[in-house]
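S.K.: Got a structure for you, upload38.tsv, holding TSV, C-alpha atoms.
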```
chain	number	residue	atom	x	y	z
A	112	MET	CA	-80.81	-93.70	-300.95
A	113	ALA	CA	-81.00	-90.86	-298.48
A	114	THR	CA	-77.82	-89.41	-297.15
A	115	VAL	CA	-76.80	-88.26	-293.70
A	116	ILE	CA	-75.20	-84.91	-292.97
A	117	GLU	CA	-72.52	-84.64	-290.30
A	118	VAL	CA	-71.23	-81.33	-289.05
A	119	ASP	CA	-67.99	-81.06	-287.11
A	120	CYS	CA	-68.61	-78.02	-284.94
A	121	SER	CA	-64.96	-77.78	-283.96
A	122	THR	CA	-63.83	-77.30	-287.56
A	123	GLY	CA	-66.98	-75.99	-289.22
A	124	ILE	CA	-66.77	-78.74	-291.84
A	125	SER	CA	-70.00	-80.38	-293.05
A	126	THR	CA	-69.89	-83.74	-294.82
A	127	GLU	CA	-72.59	-85.77	-296.54
A	128	ARG	CA	-72.47	-89.57	-296.97
A	129	GLU	CA	-74.69	-92.54	-297.79
A	130	MET	CA	-76.49	-94.29	-294.93
A	131	THR	CA	-75.10	-97.57	-293.60
A	132	PRO	CA	-77.39	-100.67	-293.43
A	133	ASP	CA	-77.54	-100.31	-289.63
A	134	GLU	CA	-78.63	-96.71	-289.94
A	135	ILE	CA	-81.31	-97.65	-292.45
A	136	ALA	CA	-82.66	-100.34	-290.12
A	137	ALA	CA	-82.64	-97.94	-287.17
A	138	GLN	CA	-84.47	-95.30	-289.16
A	139	GLU	CA	-87.13	-97.80	-290.27
A	140	LYS	CA	-87.71	-98.86	-286.66
A	141	MET	CA	-87.98	-95.29	-285.50
A	142	ALA	CA	-90.40	-94.47	-288.30
A	143	ALA	CA	-92.60	-97.36	-287.17
A	144	ASP	CA	-92.43	-96.13	-283.56
A	145	MET	CA	-93.36	-92.65	-284.69
A	146	ALA	CA	-96.33	-93.89	-286.69
A	147	ALA	CA	-97.59	-95.69	-283.60
A	148	GLN	CA	-97.18	-92.56	-281.52
A	149	GLN	CA	-99.00	-90.45	-284.09
A	150	ALA	CA	-101.86	-92.95	-284.21
A	151	GLU	CA	-102.09	-92.76	-280.42
A	152	GLN	CA	-102.22	-88.96	-280.53
A	153	GLU	CA	-104.93	-88.98	-283.17
A	154	ALA	CA	-106.95	-91.57	-281.25
A	155	GLN	CA	-106.76	-89.44	-278.09
A	156	ALA	CA	-107.86	-86.34	-279.97
A	157	LYS	CA	-110.76	-88.18	-281.60
A	158	ALA	CA	-111.87	-89.73	-278.30
A	159	LYS	CA	-111.91	-86.31	-276.68
A	160	ALA	CA	-113.86	-84.74	-279.56
A	161	ASP	CA	-116.36	-87.61	-279.50
A	162	ALA	CA	-116.85	-87.28	-275.74
A	163	LYS	CA	-117.37	-83.55	-276.13
A	164	ALA	CA	-120.01	-84.02	-278.82
A	165	SER	CA	-121.76	-86.68	-276.76
A	166	ALA	CA	-121.77	-84.41	-273.71
A	167	ALA	CA	-123.28	-81.57	-275.72
A	168	VAL	CA	-126.14	-83.79	-276.87
A	169	LYS	CA	-126.83	-84.97	-273.33
A	170	LEU	CA	-126.75	-81.42	-271.95
A	171	ALA	CA	-129.21	-80.27	-274.62
A	172	ALA	CA	-131.50	-83.16	-273.69
A	173	LEU	CA	-131.49	-81.88	-270.11
A	174	GLY	CA	-132.91	-78.58	-271.31
A	175	LEU	CA	-129.83	-76.38	-271.60
A	176	THR	CA	-129.88	-73.81	-274.39
A	177	ALA	CA	-127.36	-73.95	-277.20
A	178	ASP	CA	-125.50	-70.97	-275.69
A	179	GLU	CA	-125.34	-72.70	-272.32
A	180	VAL	CA	-124.06	-75.90	-273.85
A	181	ALA	CA	-121.46	-73.97	-275.79
A	182	ALA	CA	-120.31	-72.20	-272.63
A	183	LEU	CA	-119.84	-75.52	-270.84
A	184	THR	CA	-118.15	-77.39	-273.66
A	185	ALA	CA	-115.98	-74.64	-275.14
B	295	MET	CA	-76.78	-61.15	-265.68
B	296	SER	CA	-75.52	-60.97	-269.23
B	297	VAL	CA	-76.63	-63.50	-271.82
B	298	PHE	CA	-74.70	-64.08	-275.04
B	299	LEU	CA	-76.06	-66.02	-278.00
B	300	GLN	CA	-73.32	-67.28	-280.29
B	301	PRO	CA	-73.95	-69.05	-283.60
B	302	ILE	CA	-72.12	-72.39	-283.79
B	303	TYR	CA	-73.24	-73.67	-287.19
B	304	THR	CA	-76.15	-73.44	-289.63
B	305	GLN	CA	-76.82	-76.39	-291.93
B	306	THR	CA	-79.16	-76.14	-294.91
B	307	VAL	CA	-80.30	-79.37	-296.54
B	308	GLY	CA	-79.43	-79.68	-300.20
B	309	SER	CA	-81.21	-81.29	-303.12
B	310	GLY	CA	-82.22	-84.88	-302.48
B	311	GLY	CA	-82.86	-84.23	-298.80
B	312	ALA	CA	-81.16	-85.91	-295.86
B	313	ALA	CA	-82.12	-88.75	-293.56
B	314	SER	CA	-80.47	-87.08	-290.60
B	315	ILE	CA	-78.30	-84.20	-289.51
B	316	THR	CA	-75.71	-84.55	-286.78
B	317	PHE	CA	-73.79	-81.80	-285.03
B	318	ASN	CA	-70.61	-83.40	-283.67
B	319	SER	CA	-67.83	-82.02	-281.46
B	320	ILE	CA	-70.09	-79.41	-279.90
B	321	PRO	CA	-67.97	-76.96	-277.88
B	322	GLN	CA	-68.25	-77.55	-274.14
B	323	THR	CA	-67.74	-73.90	-273.29
B	324	PHE	CA	-71.33	-72.62	-273.24
B	325	THR	CA	-74.00	-72.74	-270.55
B	326	ASP	CA	-76.94	-73.85	-272.71
B	327	LEU	CA	-77.59	-74.94	-276.29
B	328	PHE	CA	-80.31	-73.67	-278.60
B	329	LEU	CA	-81.30	-75.33	-281.88
B	330	LYS	CA	-83.55	-73.43	-284.27
B	331	VAL	CA	-85.26	-75.55	-286.91
B	332	SER	CA	-87.16	-74.63	-290.05
B	333	ALA	CA	-88.05	-77.86	-291.79
B	334	ARG	CA	-90.29	-80.05	-293.86
B	335	ASP	CA	-90.39	-83.85	-294.27
B	336	THR	CA	-90.61	-85.56	-297.66
B	337	GLY	CA	-92.75	-88.41	-296.29
B	338	ALA	CA	-96.47	-88.87	-296.82
B	339	GLY	CA	-98.97	-87.13	-294.58
B	340	THR	CA	-99.61	-83.58	-293.50
B	341	GLN	CA	-97.55	-83.92	-290.36
B	342	SER	CA	-94.43	-85.73	-289.28
B	343	ASP	CA	-92.23	-85.90	-286.20
B	344	PHE	CA	-88.46	-85.54	-286.27
B	345	GLN	CA	-86.45	-87.49	-283.73
B	346	LEU	CA	-83.88	-85.89	-281.47
B	347	ARG	CA	-81.01	-87.92	-280.02
B	348	PHE	CA	-77.82	-87.12	-278.16
B	349	ASN	CA	-74.27	-88.49	-278.26
B	350	GLY	CA	-74.99	-91.09	-280.94
B	351	THR	CA	-77.47	-93.12	-278.90
B	352	GLY	CA	-79.34	-95.61	-281.05
B	353	ALA	CA	-82.72	-97.25	-281.29
B	354	GLY	CA	-81.95	-99.68	-278.45
B	355	VAL	CA	-81.79	-97.19	-275.58
B	356	THR	CA	-84.71	-96.36	-273.30
B	357	THR	CA	-83.30	-93.30	-271.58
B	358	TYR	CA	-85.54	-90.65	-273.12
B	359	SER	CA	-88.98	-89.47	-272.08
B	360	ASP	CA	-91.20	-86.55	-272.81
B	361	THR	CA	-94.52	-84.97	-271.95
B	362	VAL	CA	-96.30	-83.20	-274.80
B	363	LEU	CA	-99.13	-80.71	-274.83
B	364	TYR	CA	-100.52	-79.93	-278.25
B	365	GLY	CA	-103.51	-78.21	-279.75
B	366	SER	CA	-105.06	-77.32	-283.08
B	367	GLY	CA	-107.05	-74.27	-282.05
B	368	SER	CA	-110.18	-76.25	-281.28
B	369	SER	CA	-108.92	-78.75	-278.73
B	370	ALA	CA	-105.84	-79.50	-276.65
B	371	VAL	CA	-104.43	-82.89	-275.75
B	372	SER	CA	-101.54	-84.05	-273.63
B	373	SER	CA	-99.55	-87.25	-274.02
B	374	ARG	CA	-96.64	-88.88	-272.26
B	375	HIS	CA	-93.87	-91.12	-273.61
B	376	SER	CA	-91.39	-92.79	-271.30
B	377	GLY	CA	-88.56	-95.24	-271.82
B	378	THR	CA	-88.18	-94.21	-275.45
B	379	SER	CA	-85.11	-93.96	-277.65
B	380	VAL	CA	-85.76	-90.40	-278.82
B	381	ILE	CA	-87.43	-87.12	-277.99
B	382	TYR	CA	-89.82	-85.97	-280.69
B	383	ILE	CA	-89.81	-82.67	-282.52
B	384	SER	CA	-93.44	-82.71	-283.58
B	385	GLY	CA	-95.55	-80.99	-286.17
B	386	VAL	CA	-93.14	-81.01	-289.10
B	387	PRO	CA	-95.10	-80.61	-292.36
B	388	GLY	CA	-95.11	-83.69	-294.58
B	389	SER	CA	-95.49	-83.97	-298.34
B	390	SER	CA	-99.30	-83.65	-298.11
B	391	ALA	CA	-99.07	-80.30	-296.33
B	392	THR	CA	-99.44	-77.16	-298.38
B	393	ALA	CA	-96.53	-76.85	-300.78
B	394	ASN	CA	-93.65	-74.61	-299.80
B	395	THR	CA	-94.62	-74.43	-296.14
B	396	PHE	CA	-92.02	-75.19	-293.51
B	397	GLY	CA	-92.63	-75.89	-289.83
B	398	ASN	CA	-90.70	-74.22	-287.05
B	399	ALA	CA	-89.20	-75.60	-283.88
B	400	GLU	CA	-87.02	-74.30	-281.10
B	401	VAL	CA	-85.06	-76.76	-278.97
B	402	TYR	CA	-83.55	-75.45	-275.75
B	403	ILE	CA	-81.09	-77.58	-273.78
B	404	PRO	CA	-80.03	-75.99	-270.49
B	405	ASN	CA	-76.84	-77.02	-268.70
B	406	TYR	CA	-75.82	-79.47	-271.43
B	407	THR	CA	-72.40	-80.10	-269.88
B	408	SER	CA	-73.66	-80.88	-266.39
B	409	SER	CA	-73.40	-84.29	-264.75
B	410	ASN	CA	-77.14	-84.36	-264.12
B	411	TYR	CA	-79.88	-85.70	-266.38
B	412	LYS	CA	-80.57	-83.38	-269.33
B	413	GLN	CA	-83.75	-81.42	-269.71
B	414	VAL	CA	-84.99	-80.41	-273.15
B	415	VAL	CA	-87.70	-77.86	-273.89
B	416	ILE	CA	-89.20	-77.87	-277.38
B	417	ASP	CA	-91.86	-75.69	-278.89
B	418	SER	CA	-92.87	-76.45	-282.44
B	419	LEU	CA	-95.64	-75.87	-284.91
B	420	GLY	CA	-96.49	-77.28	-288.28
B	421	GLU	CA	-97.29	-74.42	-290.58
B	422	ASN	CA	-99.75	-75.73	-293.14
B	423	ASN	CA	-101.38	-72.56	-294.49
B	424	ALA	CA	-104.70	-74.31	-293.88
B	425	THR	CA	-107.42	-74.29	-291.27
B	426	THR	CA	-105.80	-76.90	-289.05
B	427	SER	CA	-102.27	-76.55	-287.75
B	428	TYR	CA	-100.88	-77.95	-284.53
B	429	LEU	CA	-98.78	-76.25	-281.88
B	430	PHE	CA	-96.68	-78.46	-279.60
B	431	ILE	CA	-94.98	-77.81	-276.27
B	432	ASP	CA	-92.69	-80.63	-275.22
B	433	ALA	CA	-90.85	-81.17	-271.93
B	434	GLY	CA	-88.20	-83.80	-272.59
B	435	LEU	CA	-85.68	-85.60	-270.45
B	436	TRP	CA	-82.57	-87.58	-271.32
B	437	ARG	CA	-81.67	-89.73	-268.33
B	438	ASP	CA	-77.92	-89.64	-268.85
B	439	THR	CA	-75.22	-87.83	-266.92
B	440	SER	CA	-72.86	-87.44	-269.88
B	441	SER	CA	-72.13	-84.02	-271.27
B	442	ILE	CA	-73.85	-83.51	-274.61
B	443	SER	CA	-71.24	-83.39	-277.36
B	444	SER	CA	-73.39	-84.48	-280.28
B	445	ILE	CA	-76.96	-83.77	-281.41
B	446	THR	CA	-78.72	-85.77	-284.13
B	447	VAL	CA	-82.02	-84.92	-285.76
B	448	VAL	CA	-83.53	-87.80	-287.75
B	449	ALA	CA	-86.26	-87.46	-290.36
B	450	GLY	CA	-89.61	-88.73	-289.23
B	451	VAL	CA	-90.70	-90.71	-292.26
B	452	THR	CA	-88.44	-90.48	-295.27
B	453	ALA	CA	-86.09	-87.55	-295.41
B	454	ILE	CA	-85.64	-83.99	-294.30
B	455	ALA	CA	-86.65	-81.87	-297.27
B	456	GLN	CA	-84.40	-79.60	-299.28
B	457	TYR	CA	-84.05	-76.04	-297.92
B	458	SER	CA	-84.71	-77.14	-294.35
B	459	THR	CA	-82.32	-75.33	-292.02
B	460	PHE	CA	-80.86	-76.21	-288.63
B	461	SER	CA	-79.04	-73.50	-286.71
B	462	LEU	CA	-77.19	-74.42	-283.53
B	463	TYR	CA	-76.34	-71.70	-281.02
B	464	GLY	CA	-74.41	-71.66	-277.79
B	465	ILE	CA	-75.71	-69.54	-274.94
B	466	THR	CA	-73.41	-68.13	-272.29
B	467	LYS	CA	-74.83	-66.74	-269.07
B	468	GLY	CA	-72.47	-64.63	-267.06
```
Show the structure stored in the file as structure tokens.
M.R.:
Amino acid sequence: MATVIEVDCSTGISTEREMTPDEIAAQEKMAADMAAQQAEQEAQAKAKADAKASAAVKLAALGLTADEVAALTA
Amino acid sequence: MSVFLQPIYTQTVGSGGAASITFNSIPQTFTDLFLKVSARDTGAGTQSDFQLRFNGTGAGVTTYSDTVLYGSGSSAVSSRHSGTSVIYISGVPGSSATANTFGNAEVYIPNYTSSNYKQVVIDSLGENNATTSYLFIDAGLWRDTSSISSITVVAGVTAIAQYSTFSLYGITKG
């Protein structure tokens, strides 16, 4: 079981103890929240990359050169 | 104006890791607080997010929010989180990141004793010694008028890895 570290800044004393059941439950919930946030970030990044690639294809179809497409989508 | 940076405490995580680190009884005599982090998470994945909380607030609160801008060198994305129970310190390397690499973060908390809501500025990056590594800039807010007397950093997935360090400084502006 993971431990928690607590520092008392007024005394400079650091202590390490086992997690309580409440702390374990809170950490599990936060980990789930974080996973959801990370998935959202990755989905946003992928959507943007996909849109960029799609735009590049459409610009090329309109007759723009590769350099021109790169300048617009960089 | 003179600015003084005074070390308050540096905590290094020992063998076995730690689920969280809390700095309690923070002196109320400084103007700002500065937390310097060098860390790695033991959980799966190349990247994890630590969670930052103040004054012992738990998972049930909704008083935190943040706006994040992050990029990998090829693209940049922004995201917004409101009504959350934490502010994220993003980009911490996970167990799938290159071995022996530690991410860096700097957390700046101005006017931590004021009776206004607390602003937090975080810049962080997940060193991975590989082609893709993310840089994050985070503008956070804790909607609470209490003075900050305690800071907790919670591991993102499993535990904060051994040899991670957390150095808390007090900044006095005179």
S.K.: Write down, as an MDAnalysis selection string, each residue of chain B that has any atom within 9 Å of an atom of chain A, counting all atoms listed in the file.
M.R.: chainID B and resid 302:303 305 307 310:321 342:345 352:354 368:373 375 379:380 382 446 448:453
S.K.: Those same residues, written as a PDB file, in the coordinates of the input with C-alpha atoms?
M.R.:
```pdb
ATOM      1  CA  ILE B 302     -72.120 -72.390-283.790  1.00  0.00           C
ATOM      2  CA  TYR B 303     -73.240 -73.670-287.190  1.00  0.00           C
ATOM      3  CA  GLN B 305     -76.820 -76.390-291.930  1.00  0.00           C
ATOM      4  CA  VAL B 307     -80.300 -79.370-296.540  1.00  0.00           C
ATOM      5  CA  GLY B 310     -82.220 -84.880-302.480  1.00  0.00           C
ATOM      6  CA  GLY B 311     -82.860 -84.230-298.800  1.00  0.00           C
ATOM      7  CA  ALA B 312     -81.160 -85.910-295.860  1.00  0.00           C
ATOM      8  CA  ALA B 313     -82.120 -88.750-293.560  1.00  0.00           C
ATOM      9  CA  SER B 314     -80.470 -87.080-290.600  1.00  0.00           C
ATOM     10  CA  ILE B 315     -78.300 -84.200-289.510  1.00  0.00           C
ATOM     11  CA  THR B 316     -75.710 -84.550-286.780  1.00  0.00           C
ATOM     12  CA  PHE B 317     -73.790 -81.800-285.030  1.00  0.00           C
ATOM     13  CA  ASN B 318     -70.610 -83.400-283.670  1.00  0.00           C
ATOM     14  CA  SER B 319     -67.830 -82.020-281.460  1.00  0.00           C
ATOM     15  CA  ILE B 320     -70.090 -79.410-279.900  1.00  0.00           C
ATOM     16  CA  PRO B 321     -67.970 -76.960-277.880  1.00  0.00           C
ATOM     17  CA  SER B 342     -94.430 -85.730-289.280  1.00  0.00           C
ATOM     18  CA  ASP B 343     -92.230 -85.900-286.200  1.00  0.00           C
ATOM     19  CA  PHE B 344     -88.460 -85.540-286.270  1.00  0.00           C
ATOM     20  CA  GLN B 345     -86.450 -87.490-283.730  1.00  0.00           C
ATOM     21  CA  GLY B 352     -79.340 -95.610-281.050  1.00  0.00           C
ATOM     22  CA  ALA B 353     -82.720 -97.250-281.290  1.00  0.00           C
ATOM     23  CA  GLY B 354     -81.950 -99.680-278.450  1.00  0.00           C
ATOM     24  CA  SER B 368    -110.180 -76.250-281.280  1.00  0.00           C
ATOM     25  CA  SER B 369    -108.920 -78.750-278.730  1.00  0.00           C
ATOM     26  CA  ALA B 370    -105.840 -79.500-276.650  1.00  0.00           C
ATOM     27  CA  VAL B 371    -104.430 -82.890-275.750  1.00  0.00           C
ATOM     28  CA  SER B 372    -101.540 -84.050-273.630  1.00  0.00           C
ATOM     29  CA  SER B 373     -99.550 -87.250-274.020  1.00  0.00           C
ATOM     30  CA  HIS B 375     -93.870 -91.120-273.610  1.00  0.00           C
ATOM     31  CA  SER B 379     -85.110 -93.960-277.650  1.00  0.00           C
ATOM     32  CA  VAL B 380     -85.760 -90.400-278.820  1.00  0.00           C
ATOM     33  CA  TYR B 382     -89.820 -85.970-280.690  1.00  0.00           C
ATOM     34  CA  THR B 446     -78.720 -85.770-284.130  1.00  0.00           C
ATOM     35  CA  VAL B 448     -83.530 -87.800-287.750  1.00  0.00           C
ATOM     36  CA  ALA B 449     -86.260 -87.460-290.360  1.00  0.00           C
ATOM     37  CA  GLY B 450     -89.610 -88.730-289.230  1.00  0.00           C
ATOM     38  CA  VAL B 451     -90.700 -90.710-292.260  1.00  0.00           C
ATOM     39  CA  THR B 452     -88.440 -90.480-295.270  1.00  0.00           C
ATOM     40  CA  ALA B 453     -86.090 -87.550-295.410  1.00  0.00           C
TER      41      ALA B 453
END
```
S.K.: Place a sphere of radius 9 Å on (-87.1, -77.7, -272.5) in the file coordinates and name every protein, DNA or RNA residue with an atom inside or on its surface, counting only C-alpha atoms; give the answer as a ChimeraX atom specification.
M.R.: /B:401-404,413-417,431-435
S.K.: Skipping near chain neighbours, those fewer than 6 positions away, what residues fall within 7 Å of B:Gly365 using only C-alpha atoms, listed as an mmCIF file with C-alpha atoms, keeping the file's coordinate frame?
M.R.:
```cif
data_model
loop_
_atom_site.group_PDB
_atom_site.id
_atom_site.type_symbol
_atom_site.label_atom_id
_atom_site.label_comp_id
_atom_site.auth_asym_id
_atom_site.auth_seq_id
_atom_site.Cartn_x
_atom_site.Cartn_y
_atom_site.Cartn_z
ATOM 1 C CA VAL B 371 -104.430 -82.890 -275.750
ATOM 2 C CA TYR B 428 -100.880 -77.950 -284.530
ATOM 3 C CA LEU B 429 -98.780 -76.250 -281.880
ATOM 4 C CA PHE B 430 -96.680 -78.460 -279.600
#
```
S.K.: Could you check which residues have any atom within 8 Å of (-119.7, -81.1, -275.2), counting only C-alpha atoms with coordinates taken straight from the file, and then list them as number ranges by chain?
M.R.: A: 162-168, 170, 180-181, 183-185
S.K.: Those same residues - C-alpha atoms - I'd like them written as a short mmCIF file (atom, residue, chain, number, x, y, z; two decimals), in the coordinates of the input.
M.R.:
```cif
data_model
loop_
_atom_site.label_atom_id
_atom_site.label_comp_id
_atom_site.auth_asym_id
_atom_site.auth_seq_id
_atom_site.Cartn_x
_atom_site.Cartn_y
_atom_site.Cartn_z
CA ALA A 162 -116.85 -87.28 -275.74
CA LYS A 163 -117.37 -83.55 -276.13
CA ALA A 164 -120.01 -84.02 -278.82
CA SER A 165 -121.76 -86.68 -276.76
CA ALA A 166 -121.77 -84.41 -273.71
CA ALA A 167 -123.28 -81.57 -275.72
CA VAL A 168 -126.14 -83.79 -276.87
CA LEU A 170 -126.75 -81.42 -271.95
CA VAL A 180 -124.06 -75.90 -273.85
CA ALA A 181 -121.46 -73.97 -275.79
CA LEU A 183 -119.84 -75.52 -270.84
CA THR A 184 -118.15 -77.39 -273.66
CA ALA A 185 -115.98 -74.64 -275.14
#
```
S.K.: Report the distance between atom CA of B:Gly339 and atom CA of B:Ala399 in Å, rounded to one decimal place.
M.R.: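 Spanning atom CA of B:Gly339 to atom CA of B:Ala399 is a straight-line distance of 18.5 Å.
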S.K.: Mind giving me the straight-line distance from atom CA of B:Ser458 to atom CA of B:Ser440 in Å, one decimal?
M.R.: 29.1 Å
S.K.: Could you state the separation of atom CA of B:Tyr411 and atom CA of B:Thr323 in Å, given to one decimal place?
M.R.: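 The value is 18.3 Å.
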S.K.: Let me have the centre and edge lengths in Å, one decimal, of the box along x, y and z around every listed atom of stretch 335-343 of chain B with 8 Å of margin on each side, as lines of an AutoDock Vina configuration file.
M.R.:
```
center_x = -95.0
center_y = -86.2
center_z = -291.9
size_x = 25.2
size_y = 21.3
size_z = 27.5
```
S.K.: Excluding stretch 328-330 of chain B and any residue of its chain fewer than 6 positions from it, enumerate the residues within 6 Å of it, using all atoms listed in the file, and give them as a VMD selection string.
M.R.: chain B and resid 400 to 402 460 to 463
S.K.: Using only C-alpha atoms, pick whichever of B:Tyr358, B:Phe396, B:Trp436, B:Phe298 has the shortest atom-to-atom distance to B:Ala455.
M.R.: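 Selected residue with least distance to B:Ala455: B:Phe396.
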